[in-house]
file upload16.tsv (TSV, C-alpha atoms)
chain	number	residue	atom	x	y	z
H	311	MET	CA	47.39	-41.92	109.60
H	312	ASN	CA	43.58	-41.99	109.41
H	313	ILE	CA	42.94	-39.12	107.03
H	314	PRO	CA	39.41	-37.83	106.52
H	315	THR	CA	38.69	-37.03	102.89
H	316	LYS	CA	35.87	-35.46	101.01
H	317	TYR	CA	35.28	-38.66	99.08
H	318	GLY	CA	36.40	-41.30	101.60
H	319	LEU	CA	34.45	-43.48	104.01
H	320	ASN	CA	35.43	-41.72	107.22
H	321	ARG	CA	33.25	-38.65	106.73
H	322	VAL	CA	32.00	-36.21	104.15
H	323	LEU	CA	33.60	-32.80	104.35
H	324	PRO	CA	31.50	-29.72	103.74
H	325	PRO	CA	31.96	-28.64	100.14
H	326	LEU	CA	33.53	-25.41	98.97
H	327	MET	CA	31.71	-22.15	98.58
H	328	THR	CA	34.06	-20.29	96.09
H	329	ALA	CA	34.23	-19.02	95.51
H	330	GLY	CA	34.09	-18.14	93.85
H	331	LEU	CA	35.20	-20.23	95.96
H	332	VAL	CA	35.67	-18.92	94.43
H	333	THR	CA	34.72	-19.15	95.10
H	334	LEU	CA	35.41	-20.64	94.49
H	335	ALA	CA	33.08	-21.47	93.14
H	336	VAL	CA	30.75	-22.49	90.97
H	337	LEU	CA	33.33	-24.58	89.39
H	338	ALA	CA	32.92	-27.54	87.07
H	339	ALA	CA	34.47	-30.92	87.83
H	340	THR	CA	36.98	-32.29	85.39
H	341	ASN	CA	36.38	-35.67	83.80
H	342	SER	CA	39.72	-35.88	82.02
H	343	SER	CA	42.19	-38.63	82.81
H	344	ALA	CA	45.29	-37.87	84.85
H	345	GLY	CA	47.58	-38.63	81.94
H	346	ILE	CA	47.15	-38.63	78.19
H	347	GLN	CA	48.55	-41.90	76.93
H	348	GLY	CA	51.73	-41.48	74.89
H	349	SER	CA	51.50	-37.68	74.74
H	350	GLY	CA	53.82	-36.69	77.60
H	351	LEU	CA	50.97	-34.57	79.03
H	352	ARG	CA	49.33	-34.64	82.46
H	353	SER	CA	45.96	-33.25	83.43
H	354	LEU	CA	46.04	-30.23	85.72
H	355	LEU	CA	43.53	-28.39	87.86
H	356	ALA	CA	44.32	-24.86	89.03
H	357	ILE	CA	42.20	-22.67	91.29
H	358	GLY	CA	43.40	-19.18	92.07
H	359	THR	CA	43.40	-15.46	91.44
H	360	VAL	CA	43.99	-14.08	87.97
H	361	THR	CA	46.91	-11.66	87.91
H	362	GLU	CA	47.22	-11.16	84.13
H	363	THR	CA	44.76	-11.70	81.30
H	364	GLY	CA	46.68	-10.58	78.21
H	365	ASN	CA	44.19	-7.71	77.81
H	366	GLY	CA	43.06	-9.15	74.49
H	367	HIS	CA	46.56	-9.05	73.00
H	368	SER	CA	47.59	-12.62	73.74
H	369	ASN	CA	46.12	-16.01	74.57
H	370	ILE	CA	47.78	-16.15	77.98
H	371	ILE	CA	46.16	-16.02	81.40
H	372	VAL	CA	48.17	-15.98	84.64
H	373	VAL	CA	46.51	-17.75	87.59
H	374	GLY	CA	48.23	-17.96	90.94
H	375	GLY	CA	51.39	-16.59	89.32
H	376	VAL	CA	51.53	-19.34	86.66
H	377	PRO	CA	50.88	-18.65	82.94
H	378	TYR	CA	48.51	-20.80	80.88
H	379	SER	CA	47.71	-20.73	77.19
H	380	THR	CA	44.01	-20.17	76.45
H	381	SER	CA	44.14	-20.40	72.66
H	382	ARG	CA	41.95	-23.54	72.72
H	383	ALA	CA	40.08	-22.97	75.95
H	384	SER	CA	36.36	-22.61	76.46
H	385	PHE	CA	35.13	-20.07	79.01
H	386	LYS	CA	32.20	-20.39	81.41
H	387	ILE	CA	31.00	-17.27	83.23
H	388	ASP	CA	28.41	-17.52	86.01
H	389	GLY	CA	27.09	-20.79	84.58
H	390	HIS	CA	26.94	-19.67	80.95
H	391	ALA	CA	29.27	-19.79	77.96
H	392	GLY	CA	31.57	-16.78	78.06
H	393	LEU	CA	34.45	-14.94	76.45
H	394	PRO	CA	38.06	-14.33	77.53
H	395	ALA	CA	37.34	-10.59	77.81
H	396	GLN	CA	34.96	-11.33	80.70
H	397	ILE	CA	37.85	-12.49	82.90
H	398	HIS	CA	39.72	-9.75	84.79
H	399	SER	CA	42.68	-9.41	87.10
H	400	GLY	CA	41.54	-10.25	90.61
H	401	ASP	CA	38.92	-12.79	89.57
H	402	VAL	CA	39.08	-16.21	91.23
H	403	VAL	CA	38.86	-18.88	88.52
H	404	SER	CA	39.04	-22.63	88.10
H	405	LEU	CA	41.18	-23.78	85.22
H	406	ILE	CA	41.48	-27.24	83.67
H	407	ALA	CA	44.60	-27.75	81.57
H	408	THR	CA	47.13	-30.20	80.18
H	409	ASP	CA	50.66	-29.81	81.48
H	410	PRO	CA	53.57	-30.77	79.19
H	411	ALA	CA	56.35	-32.89	80.66
H	412	ASP	CA	59.00	-30.67	79.06
H	413	GLY	CA	58.15	-27.76	81.35
H	414	GLY	CA	56.45	-25.65	78.68
H	415	THR	CA	53.34	-23.56	79.18
H	416	ALA	CA	50.28	-25.58	80.17
H	417	ALA	CA	47.33	-25.36	77.78
H	418	ALA	CA	43.97	-24.59	79.35
H	419	THR	CA	40.93	-26.42	78.01
H	420	GLN	CA	38.38	-24.73	80.29
H	421	VAL	CA	38.36	-21.56	82.37
H	422	THR	CA	35.45	-21.11	84.79
H	423	PHE	CA	34.46	-18.00	86.73
H	424	GLU	CA	31.57	-17.53	89.11
H	425	GLY	CA	31.06	-14.39	91.11
H	426	SER	CA	30.78	-14.89	94.85
H	427	VAL	CA	27.93	-12.44	95.34
H	428	GLN	CA	26.22	-9.77	93.24
H	429	GLY	CA	23.65	-7.30	94.51
H	430	LYS	CA	23.06	-4.01	96.25
H	431	VAL	CA	25.39	-2.86	99.00
H	432	SER	CA	23.29	-2.69	102.17
H	433	ASP	CA	25.92	-1.34	104.56
H	434	ILE	CA	29.58	-0.32	104.67
H	435	ASP	CA	31.76	-0.46	107.77
H	436	ALA	CA	34.78	1.58	106.70
H	437	PRO	CA	36.82	1.16	109.94
H	438	SER	CA	36.80	-2.63	109.52
H	439	SER	CA	37.02	-2.53	105.69
H	440	THR	CA	33.83	-4.53	105.44
H	441	LEU	CA	30.70	-4.28	103.34
H	442	PHE	CA	27.46	-6.23	103.32
H	443	ILE	CA	25.64	-7.53	100.25
H	444	LEU	CA	22.61	-9.86	100.20
H	445	GLY	CA	23.22	-10.94	103.77
H	446	GLN	CA	26.86	-11.75	103.04
H	447	THR	CA	29.86	-10.25	104.82
H	448	VAL	CA	32.60	-9.11	102.45
H	449	HIS	CA	36.06	-8.20	103.73
H	450	VAL	CA	38.27	-5.84	101.73
H	451	THR	CA	42.06	-6.10	101.98
H	452	SER	CA	45.01	-4.22	100.55
H	453	GLN	CA	45.10	-6.87	97.79
H	454	THR	CA	41.49	-6.35	96.67
H	455	VAL	CA	41.28	-5.12	93.06
H	456	PHE	CA	38.64	-2.48	92.39
H	457	ALA	CA	37.38	-2.25	88.80
H	458	TRP	CA	37.87	0.92	86.79
H	459	ASN	CA	34.20	1.88	87.27
H	460	ILE	CA	34.60	2.34	91.03
H	461	LYS	CA	36.04	5.79	91.69
H	462	PRO	CA	37.86	6.48	93.85
H	463	ALA	CA	39.15	2.93	93.96
H	464	GLY	CA	38.30	1.44	97.34
H	465	LEU	CA	35.44	1.60	99.80
H	466	PRO	CA	35.22	5.42	99.49
H	467	GLY	CA	34.06	4.80	95.90
H	468	LEU	CA	31.03	2.81	97.10
H	469	GLN	CA	27.80	3.74	98.85
H	470	ASN	CA	24.69	1.99	100.05
H	471	GLY	CA	22.48	0.97	97.13
H	472	ASP	CA	25.32	0.48	94.65
H	473	VAL	CA	25.10	-2.81	92.73
H	474	VAL	CA	28.42	-4.65	92.73
H	475	GLU	CA	29.82	-8.08	91.96
H	476	VAL	CA	32.41	-9.58	94.29
H	477	SER	CA	34.91	-12.32	93.53
H	478	GLY	CA	36.83	-13.82	96.40
H	479	PHE	CA	37.63	-16.71	98.71
H	480	ALA	CA	35.31	-17.89	101.45
H	481	ASN	CA	36.90	-18.03	104.89
H	482	SER	CA	36.30	-20.61	107.62
H	483	VAL	CA	32.98	-19.06	108.70
H	484	GLY	CA	31.59	-18.48	105.20
H	485	GLU	CA	32.45	-14.80	104.89
H	486	TRP	CA	34.03	-13.52	101.68
H	487	VAL	CA	37.54	-12.10	101.43
H	488	ALA	CA	37.27	-10.04	98.26
H	489	THR	CA	39.88	-10.33	95.53
H	490	ARG	CA	37.95	-8.11	93.08
H	491	ILE	CA	34.92	-5.81	93.23
H	492	GLU	CA	33.19	-4.41	90.16
H	493	ALA	CA	30.26	-1.99	89.90
H	494	LYS	CA	27.34	-3.42	87.90
H	495	GLY	CA	25.44	-0.20	87.20
H	496	GLN	CA	21.67	-0.55	87.27
H	497	SER	CA	21.63	-4.35	86.98
H	498	ASN	CA	18.68	-5.91	88.79
H	499	VAL	CA	20.29	-9.36	88.88
H	500	SER	CA	21.06	-10.65	92.35
H	501	ARG	CA	23.30	-13.67	92.74
H	502	VAL	CA	24.75	-15.39	95.77
H	503	VAL	CA	26.92	-18.47	96.24
H	504	GLY	CA	27.04	-20.40	99.48
H	505	SER	CA	25.91	-23.37	101.51
H	506	VAL	CA	22.24	-24.17	102.08
H	507	GLN	CA	21.19	-23.50	105.66
H	508	THR	CA	17.86	-24.10	107.46
H	509	LEU	CA	16.22	-25.79	104.47
H	510	ASP	CA	12.42	-25.82	104.66
H	511	GLN	CA	11.10	-28.09	101.92
H	512	THR	CA	7.49	-27.33	102.83
H	513	ARG	CA	7.81	-23.57	102.42
H	514	HIS	CA	10.51	-23.94	99.73
H	515	THR	CA	12.96	-21.68	101.53
H	516	PHE	CA	16.50	-21.79	102.85
H	517	TYR	CA	19.19	-19.36	103.92
H	518	ILE	CA	22.66	-18.51	102.69
H	519	ASN	CA	24.11	-16.87	105.78
H	520	SER	CA	21.48	-14.25	106.67
H	521	GLN	CA	19.89	-14.02	103.19
H	522	LYS	CA	16.60	-15.89	102.92
H	523	ILE	CA	15.98	-17.64	99.60
H	524	ASP	CA	12.54	-18.52	98.20
H	525	TYR	CA	12.99	-21.24	95.57
H	526	GLY	CA	9.30	-22.15	95.15
H	527	ASN	CA	9.17	-21.09	91.49
H	528	ALA	CA	12.83	-21.60	90.63
H	529	GLU	CA	14.50	-23.87	88.13
H	530	VAL	CA	16.43	-26.12	90.53
H	531	ASP	CA	19.47	-27.98	89.23
H	532	ALA	CA	20.72	-29.34	92.55
H	533	VAL	CA	19.79	-31.83	95.25
H	534	LEU	CA	18.91	-29.50	98.10
H	535	THR	CA	20.04	-30.51	101.56
H	536	ASP	CA	21.60	-28.52	104.37
H	537	SER	CA	25.28	-27.70	103.75
H	538	VAL	CA	25.19	-28.39	100.00
H	539	PRO	CA	26.84	-25.55	98.02
H	540	VAL	CA	24.60	-23.75	95.54
H	541	SER	CA	24.49	-20.70	93.32
H	542	VAL	CA	21.23	-18.74	93.46
H	543	GLN	CA	20.04	-16.08	91.04
H	544	GLY	CA	16.95	-13.87	91.05
H	545	VAL	CA	15.69	-10.39	90.21
H	546	LYS	CA	12.92	-9.84	92.76
H	547	PHE	CA	12.49	-9.85	96.52
H	548	ALA	CA	9.53	-10.83	98.68
H	549	ALA	CA	8.02	-8.54	101.28
H	550	ASP	CA	10.03	-10.28	104.00
H	551	GLY	CA	13.31	-9.65	102.15
H	552	ALA	CA	13.67	-13.13	100.69
H	553	LEU	CA	15.36	-13.32	97.31
H	554	ILE	CA	12.87	-14.91	94.92
H	555	ALA	CA	15.09	-17.29	93.02
H	556	ASN	CA	14.54	-18.02	89.35
H	557	ARG	CA	17.46	-20.43	89.26
H	558	VAL	CA	19.24	-22.59	91.84
H	559	ARG	CA	22.12	-24.75	90.68
H	560	ALA	CA	24.78	-26.90	92.26
H	561	SER	CA	28.05	-25.18	92.99
H	562	GLY	CA	31.35	-26.21	94.52
H	563	ALA	CA	35.00	-26.70	93.69
H	564	ALA	CA	36.31	-28.68	90.77
H	565	HIS	CA	37.89	-32.00	91.77
H	566	GLY	CA	41.22	-33.22	90.46
H	567	GLN	CA	41.35	-36.76	89.12
H	568	PRO	CA	43.75	-39.28	90.71
H	569	GLY	CA	47.28	-38.68	89.47
H	570	SER	CA	46.51	-35.23	88.09
H	571	ILE	CA	48.39	-32.09	89.11
H	572	GLY	CA	46.77	-29.61	91.48
H	573	ARG	CA	47.65	-25.95	91.92
H	574	LEU	CA	45.47	-24.45	94.61
H	575	GLN	CA	45.36	-20.93	96.00
H	576	GLY	CA	42.98	-19.98	98.78
H	577	LEU	CA	42.31	-19.78	102.50
H	578	VAL	CA	42.85	-22.50	105.08
H	579	THR	CA	39.26	-23.37	106.04
H	580	SER	CA	40.06	-26.22	108.42
H	581	TYR	CA	43.26	-27.04	110.28
H	582	SER	CA	43.89	-30.38	111.97
H	583	SER	CA	47.68	-30.29	112.04
H	584	SER	CA	50.68	-29.15	110.04
H	585	ALA	CA	50.41	-32.47	108.20
H	586	TYR	CA	46.72	-32.21	107.28
H	587	PHE	CA	44.53	-29.18	106.62
H	588	GLU	CA	42.00	-27.96	104.10
H	589	VAL	CA	42.24	-25.09	101.62
H	590	ASN	CA	38.86	-23.92	100.33
H	591	ASP	CA	37.66	-27.19	101.95
H	592	GLN	CA	40.01	-29.21	99.72
H	593	PRO	CA	41.97	-31.77	101.80
H	594	VAL	CA	45.76	-31.25	101.69
H	595	LEU	CA	48.37	-33.69	102.98
H	596	VAL	CA	51.88	-32.48	103.86
H	597	GLY	CA	54.74	-34.97	104.07
H	598	ALA	CA	58.45	-35.02	104.81
H	599	GLN	CA	59.28	-34.26	101.17
H	600	THR	CA	56.99	-31.22	100.93
H	601	LYS	CA	58.85	-27.95	100.34
H	602	LEU	CA	57.60	-25.32	102.76
H	603	SER	CA	57.84	-21.55	102.48
H	604	LEU	CA	55.87	-20.20	105.41
H	605	PRO	CA	56.57	-16.58	106.34
H	606	ILE	CA	53.20	-16.88	108.08
H	607	PRO	CA	52.54	-20.16	109.94
H	608	ILE	CA	49.67	-22.20	108.51
H	609	GLY	CA	46.45	-21.70	110.43
H	610	ILE	CA	42.79	-20.94	109.99
H	611	ASP	CA	42.10	-18.31	107.29
H	612	VAL	CA	45.77	-17.99	106.28
H	613	GLU	CA	46.15	-17.67	102.50
H	614	VAL	CA	48.31	-20.36	100.94
H	615	GLN	CA	49.34	-21.73	97.58
H	616	VAL	CA	49.68	-25.50	97.30
H	617	THR	CA	51.09	-27.54	94.42
H	618	GLY	CA	50.87	-31.31	94.41
H	619	THR	CA	49.18	-34.42	93.03
H	620	PHE	CA	45.67	-35.71	93.73
H	621	ASP	CA	45.55	-39.21	95.19
H	622	THR	CA	42.75	-41.76	94.81
H	623	ARG	CA	40.83	-40.29	97.77
H	624	GLY	CA	40.74	-36.77	96.34
H	625	VAL	CA	43.44	-35.52	98.74
H	626	LEU	CA	45.99	-33.10	97.29
H	627	VAL	CA	49.38	-34.53	98.32
H	628	ALA	CA	51.55	-31.42	98.50
H	629	ASP	CA	54.88	-31.02	96.77
H	630	SER	CA	55.07	-27.41	97.98
H	631	VAL	CA	53.16	-25.10	100.31
H	632	GLN	CA	53.65	-21.35	100.47
H	633	SER	CA	51.82	-18.92	102.74
H	634	SER	CA	51.20	-15.24	102.12
H	635	LYS	CA	49.59	-12.30	103.85

call {"tool": "encode", "arguments": {"input": "upload16.tsv", "output": "structure tokens"}}
result
Amino acid sequence: MNIPTKYGLNRVLPPLMTAGLVTLAVLAATNSSAGIQGSGLRSLLAIGTVTETGNGHSNIIVVGGVPYSTSRASFKIDGHAGLPAQIHSGDVVSLIATDPADGGTAAATQVTFEGSVQGKVSDIDAPSSTLFILGQTVHVTSQTVFAWNIKPAGLPGLQNGDVVEVSGFANSVGEWVATRIEAKGQSNVSRVVGSVQTLDQTRHTFYINSQKIDYGNAEVDAVLTDSVPVSVQGVKFAADGALIANRVRASGAAHGQPGSIGRLQGLVTSYSSSAYFEVNDQPVLVGAQTKLSLPIPIGIDVEVQVTGTFDTRGVLVADSVQSSK
């Protein structure tokens, strides 16, 4: 089978917005080897939603339903060094860990979170459970976690002008499906993650969906081309509505090393066949030995959890695939 991969010669796949993506984000690549010689450990990359954090009483975080020890982990929050207390249930994180061969709890070495979008709510469409922030479309589902500072919990607790941060997964058209929404009070920080569109290197502008970005005076830590994923931050807007960026940095999903374990939760962003599809733009290969649990058939924008091993092309060869609503 001629399988396109993100790193292969056939073509270059568009990189992940994660959130997070999440977001996906946002998320640092791991440079660790797939196995640690003589230790009985294997490297592991997990991307998924946090369901438990220990609430400060333990060094355990649960991501995608799997517990990990964080006693020796470093935390990175929105591109900066962070603390465990800054991670909450509903956040989409990337986690690098070592997995013991004896089946014990994997030990995280790095936990990374990057919000999908932060800024003022510009519009709310309650009938469709959708809100709009910085030119980004955000869908709310029954699984979306609303932070304690949004009351009542849900869209009725929000109004135009509220500053919020959203964590979630990007769908196949670059819209966010929110896993968590938190009010950010009077913060003037605006942040958006997404793919560069309509880059104008003369005027130093580009778009992320319908939000115009002016990066003329920004610190740029990325090679800007159309479709490259970036994280943009700023505090001011131009007269034409453009976000005046003070920082633009490369974003995108972490990549598992060949032979390392992958545990991936997210949305199917491209579907070629039941044997090959992409989750958060990560290539996934399904074979005869893959265990399938599919109450919902795999298709575009279906949420799935995939466990497997990364091959030399960066493809996650699935041991199991499970779909969920």

call {"tool": "atom_distance", "arguments": {"input": "upload16.tsv", "atom1": "CA of Ser634 in chain H", "atom2": "CA of Gly597 in chain H"}}
result
20.1 Å

call {"tool": "residues_around", "arguments": {"input": "upload16.tsv", "residues": "range 519-521 of chain H", "least_positions_apart": "6", "cutoff": "10 Å", "atoms": "only C-alpha atoms", "output": "short mmCIF file (atom, residue, chain, number, x, y, z; two decimals) with C-alpha atoms, in the frame of the given file"}}
result
data_model
loop_
_atom_site.label_atom_id
_atom_site.label_comp_id
_atom_site.auth_asym_id
_atom_site.auth_seq_id
_atom_site.Cartn_x
_atom_site.Cartn_y
_atom_site.Cartn_z
CA ILE H 443 25.64 -7.53 100.25
CA LEU H 444 22.61 -9.86 100.20
CA GLY H 445 23.22 -10.94 103.77
CA GLN H 446 26.86 -11.75 103.04
CA THR H 447 29.86 -10.25 104.82
CA VAL H 483 32.98 -19.06 108.70
CA GLY H 484 31.59 -18.48 105.20
CA GLU H 485 32.45 -14.80 104.89
CA VAL H 502 24.75 -15.39 95.77
CA GLY H 504 27.04 -20.40 99.48
CA SER H 505 25.91 -23.37 101.51
CA VAL H 506 22.24 -24.17 102.08
CA GLN H 507 21.19 -23.50 105.66
CA THR H 508 17.86 -24.10 107.46
CA GLY H 551 13.31 -9.65 102.15
CA ALA H 552 13.67 -13.13 100.69
CA LEU H 553 15.36 -13.32 97.31
#

call {"tool": "closest_atom_pairs", "arguments": {"input": "upload16.tsv", "of": "range 452-534 of chain H", "to": "range 383-397 of chain H", "cutoff": "12 Å", "atoms": "all atoms listed in the file", "output": "JSON lines"}}
result
{"residue": "H:Ala457", "atom": "CA", "partner": "H:Ile397", "partner_atom": "CA", "distance": 11.8}
{"residue": "H:Glu475", "atom": "CA", "partner": "H:Asp388", "partner_atom": "CA", "distance": 11.2}
{"residue": "H:Ser477", "atom": "CA", "partner": "H:Ile397", "partner_atom": "CA", "distance": 11.0}
{"residue": "H:Arg490", "atom": "CA", "partner": "H:Ile397", "partner_atom": "CA", "distance": 11.1}
{"residue": "H:Glu492", "atom": "CA", "partner": "H:Ile397", "partner_atom": "CA", "distance": 11.8}
{"residue": "H:Val499", "atom": "CA", "partner": "H:Asp388", "partner_atom": "CA", "distance": 11.9}
{"residue": "H:Ser500", "atom": "CA", "partner": "H:Asp388", "partner_atom": "CA", "distance": 11.9}
{"residue": "H:Arg501", "atom": "CA", "partner": "H:Asp388", "partner_atom": "CA", "distance": 9.3}
{"residue": "H:Val502", "atom": "CA", "partner": "H:Asp388", "partner_atom": "CA", "distance": 10.6}
{"residue": "H:Val503", "atom": "CA", "partner": "H:Asp388", "partner_atom": "CA", "distance": 10.4}
{"residue": "H:Asp531", "atom": "CA", "partner": "H:Gly389", "partner_atom": "CA", "distance": 11.5}

call {"tool": "residues_around", "arguments": {"input": "upload16.tsv", "residues": "Arg573 in chain H", "least_positions_apart": "4", "cutoff": "9 Å", "atoms": "all atoms listed in the file", "output": "ChimeraX atom specification"}}
result
/H:354-358,374,615-619

call {"tool": "atom_distance", "arguments": {"input": "upload16.tsv", "atom1": "CA of Val373 in chain H", "atom2": "CA of Ala417 in chain H"}}
result
12.4 Å

call {"tool": "residues_near_point", "arguments": {"input": "upload16.tsv", "point": "(46.1, -21.2, 76.7)", "cutoff": "12 Å", "atoms": "only C-alpha atoms", "output": "VMD selection string"}}
result
chain H and resid 363 to 364 368 to 373 376 to 385 394 405 to 409 414 to 421

call {"tool": "write_last_selection", "arguments": {"input": "upload16.tsv", "atoms": "C-alpha atoms", "output": "tab-separated table (two decimals), in the coordinates of the input"}}
result
chain	number	residue	atom	x	y	z
H	363	THR	CA	44.76	-11.70	81.30
H	364	GLY	CA	46.68	-10.58	78.21
H	368	SER	CA	47.59	-12.62	73.74
H	369	ASN	CA	46.12	-16.01	74.57
H	370	ILE	CA	47.78	-16.15	77.98
H	371	ILE	CA	46.16	-16.02	81.40
H	372	VAL	CA	48.17	-15.98	84.64
H	373	VAL	CA	46.51	-17.75	87.59
H	376	VAL	CA	51.53	-19.34	86.66
H	377	PRO	CA	50.88	-18.65	82.94
H	378	TYR	CA	48.51	-20.80	80.88
H	379	SER	CA	47.71	-20.73	77.19
H	380	THR	CA	44.01	-20.17	76.45
H	381	SER	CA	44.14	-20.40	72.66
H	382	ARG	CA	41.95	-23.54	72.72
H	383	ALA	CA	40.08	-22.97	75.95
H	384	SER	CA	36.36	-22.61	76.46
H	385	PHE	CA	35.13	-20.07	79.01
H	394	PRO	CA	38.06	-14.33	77.53
H	405	LEU	CA	41.18	-23.78	85.22
H	406	ILE	CA	41.48	-27.24	83.67
H	407	ALA	CA	44.60	-27.75	81.57
H	408	THR	CA	47.13	-30.20	80.18
H	409	ASP	CA	50.66	-29.81	81.48
H	414	GLY	CA	56.45	-25.65	78.68
H	415	THR	CA	53.34	-23.56	79.18
H	416	ALA	CA	50.28	-25.58	80.17
H	417	ALA	CA	47.33	-25.36	77.78
H	418	ALA	CA	43.97	-24.59	79.35
H	419	THR	CA	40.93	-26.42	78.01
H	420	GLN	CA	38.38	-24.73	80.29
H	421	VAL	CA	38.36	-21.56	82.37

call {"tool": "decode", "arguments": {"input": "upload16.tsv", "residues": "range 484-551 of chain H", "atoms": "C-alpha atoms", "output": "CSV table (one decimal), in the first residue's frame"}}
result
chain,number,residue,atom,x,y,z
H,484,GLY,CA,-10.2,24.2,11.4
H,485,GLU,CA,-13.0,24.9,13.8
H,486,TRP,CA,-12.6,24.1,17.5
H,487,VAL,CA,-14.6,21.5,19.4
H,488,ALA,CA,-14.2,22.7,23.0
H,489,THR,CA,-13.2,20.4,25.7
H,490,ARG,CA,-12.9,23.2,28.4
H,491,ILE,CA,-13.7,26.8,28.6
H,492,GLU,CA,-12.5,29.1,31.3
H,493,ALA,CA,-13.2,32.8,32.0
H,494,LYS,CA,-10.1,35.0,32.1
H,495,GLY,CA,-11.5,38.1,33.8
H,496,GLN,CA,-10.1,41.3,32.6
H,497,SER,CA,-7.1,39.8,30.8
H,498,ASN,CA,-6.1,41.8,27.7
H,499,VAL,CA,-4.0,38.9,26.3
H,500,SER,CA,-5.3,37.5,23.0
H,501,ARG,CA,-4.0,34.3,21.8
H,502,VAL,CA,-4.9,32.1,18.8
H,503,VAL,CA,-3.5,28.8,17.4
H,504,GLY,CA,-4.0,27.8,13.8
H,505,SER,CA,-2.6,27.5,10.3
H,506,VAL,CA,-1.2,30.5,8.5
H,507,GLN,CA,-3.5,31.6,5.6
H,508,THR,CA,-3.1,34.3,2.9
H,509,LEU,CA,0.5,35.2,4.0
H,510,ASP,CA,1.5,38.7,2.8
H,511,GLN,CA,5.3,39.1,3.5
H,512,THR,CA,5.3,42.6,2.2
H,513,ARG,CA,2.6,43.9,4.6
H,514,HIS,CA,3.6,41.4,7.3
H,515,THR,CA,0.1,40.0,7.7
H,516,PHE,CA,-1.7,36.7,7.5
H,517,TYR,CA,-5.0,35.2,8.6
H,518,ILE,CA,-5.9,32.4,11.0
H,519,ASN,CA,-9.4,31.6,9.8
H,520,SER,CA,-11.1,35.1,9.7
H,521,GLN,CA,-8.8,36.7,12.2
H,522,LYS,CA,-6.2,39.0,10.5
H,523,ILE,CA,-2.7,39.0,12.2
H,524,ASP,CA,-0.2,41.8,11.9
H,525,TYR,CA,3.2,40.4,12.7
H,526,GLY,CA,5.3,43.4,11.6
H,527,ASN,CA,6.7,44.2,15.1
H,528,ALA,CA,6.4,40.7,16.5
H,529,GLU,CA,9.1,38.3,17.8
H,530,VAL,CA,8.8,35.5,15.2
H,531,ASP,CA,10.0,32.1,16.2
H,532,ALA,CA,8.7,30.2,13.1
H,533,VAL,CA,9.3,29.9,9.4
H,534,LEU,CA,6.1,31.6,8.0
H,535,THR,CA,4.5,30.0,5.0
H,536,ASP,CA,0.9,29.2,4.2
H,537,SER,CA,-0.5,26.2,6.1
H,538,VAL,CA,2.3,26.2,8.8
H,539,PRO,CA,0.8,25.9,12.3
H,540,VAL,CA,1.6,28.8,14.6
H,541,SER,CA,0.6,30.3,18.0
H,542,VAL,CA,0.1,34.0,18.0
H,543,GLN,CA,-0.2,36.3,21.0
H,544,GLY,CA,-0.9,40.0,21.3
H,545,VAL,CA,-2.6,42.6,23.4
H,546,LYS,CA,-3.7,45.3,20.9
H,547,PHE,CA,-5.7,45.5,17.7
H,548,ALA,CA,-5.3,47.7,14.7
H,549,ALA,CA,-8.1,49.9,13.3
H,550,ASP,CA,-9.0,47.2,10.8
H,551,GLY,CA,-9.4,44.6,13.5
